[in-house]
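Structure first, then comments.
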Amino acid sequence: MLFHTGLRGMHAEIREAVAKLINLSELRHISFSHFESDECGSLNEWLAAAPNADVICSQVGALVCVNDFTGRESRALADGGTFATGKYRFRYCRTPHLPHGWDAGLLFEETQKTLLCSDLFHQTGDVESLTSTDIVGRSHQAMKEYQAGILADYVPYTQLTARNLKKLADLKPKTLAIMHGSSFTGDCARALDDLNVALRDVYGQQK
């Protein structure tokens with residue numbers, strides 16, 4: 001299962017890396033959080049390389065973007081829908097507008113309790129691949145920096161935000177697999193609760 005395809009311009013580089021781990025023809029599932037270039041920009045290139053793979057996304061995503069983009073039917077999962085790769089079992093968590101877009105959702109790998117976080121906990125700078133230190137502080141600082149530039153309002157803070165984050169925290173993940181920055185191992189439920197406070201601080205007080 002591949003979560004996030006990356007940008008179309010990065011396809012060759014990512015494909016080469018993935019090919020070191022798995023025969024591309026054996027790839028069976030491609031998924032992502034929301035319809036955005038860095039999430040699924042090279043989706044069609046991956047489907048050409050792995051024609052037996054299905055595309056797993058939200059029901060909204062399939063309806064409004066993904067089916068038209070690929071020219072085929074996606075495997076659209078409702079909230080709580082699951083699928084297995086054999087050893088691992090994944091649960092789809094619908095999280096509209098978290099991190100972005102009404103089509104957004106995340107995957108939780110139930111066997112090892114890994115939450116695939118997409119843009120949540122976005123960090124900047126040269127960071128390590130995995131950490132047990134304060135990723136919320138890093139992310140909070142990045143949010144404040146974004147507010148001063150073109151990435152202002154990067155994550156919407158709505159009445160659903162706290163509810164969505166609590167739903168994710170209640171899964172009690174052991175690892176947060178983060179797209180932009182260090183992944184995290186430690187008290188992940190606490191980190192998700194603290195992320196809500198950071199998001200509210202930066203984005204929730206705007207008029």
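All residue names refer to the structure tokens as shown: chains lettered A, B, ... in order, residues numbered from 1 in each chain, ligands numbered from 1 in order.
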**Request:** Write out as a VMD selection string each polymer residue whose atoms come within 10 Å of segment 8-13 of chain A, counting only C-alpha atoms; drop sequence neighbours fewer than 5 positions from it.
**Result:** chain A and resid 18 37 to 46
**Message:** For the structure I just gave you, how does DSSP split segment 3-180 of chain A - specifically, which residues are alpha helix (DSSP H)? Reply as a PyMOL selection string.
**Reply:** chain A and resi 11-19+37-40+43-49+59-61+67-70+135-146+161-169
**Request:** Extract, using only C-alpha atoms, all DNA, RNA and protein residues at most 8 Å from Leu27 of chain A, discarding same-chain residues fewer than 4 positions from it, and format them as a PyMOL selection string.
**Result:** chain A and resi 1-2+22-23+50+52-53
**Message:** Please compute the atom CA of Ala189 of chain A-atom CA of Lys172 of chain A distance, one decimal, in Å.
**Reply:** 5.5 Å
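Compared by their closest atoms to Asp103 of chain A, and using only C-alpha atoms, the residues A:Leu120, A:Leu115, A:Val197, A:Val66 rank with A:Val66 nearest.
With atom CA of Gln59 of chain A on one side and atom CA of Leu77 of chain A on the other, the separation reads 5.9 Å.
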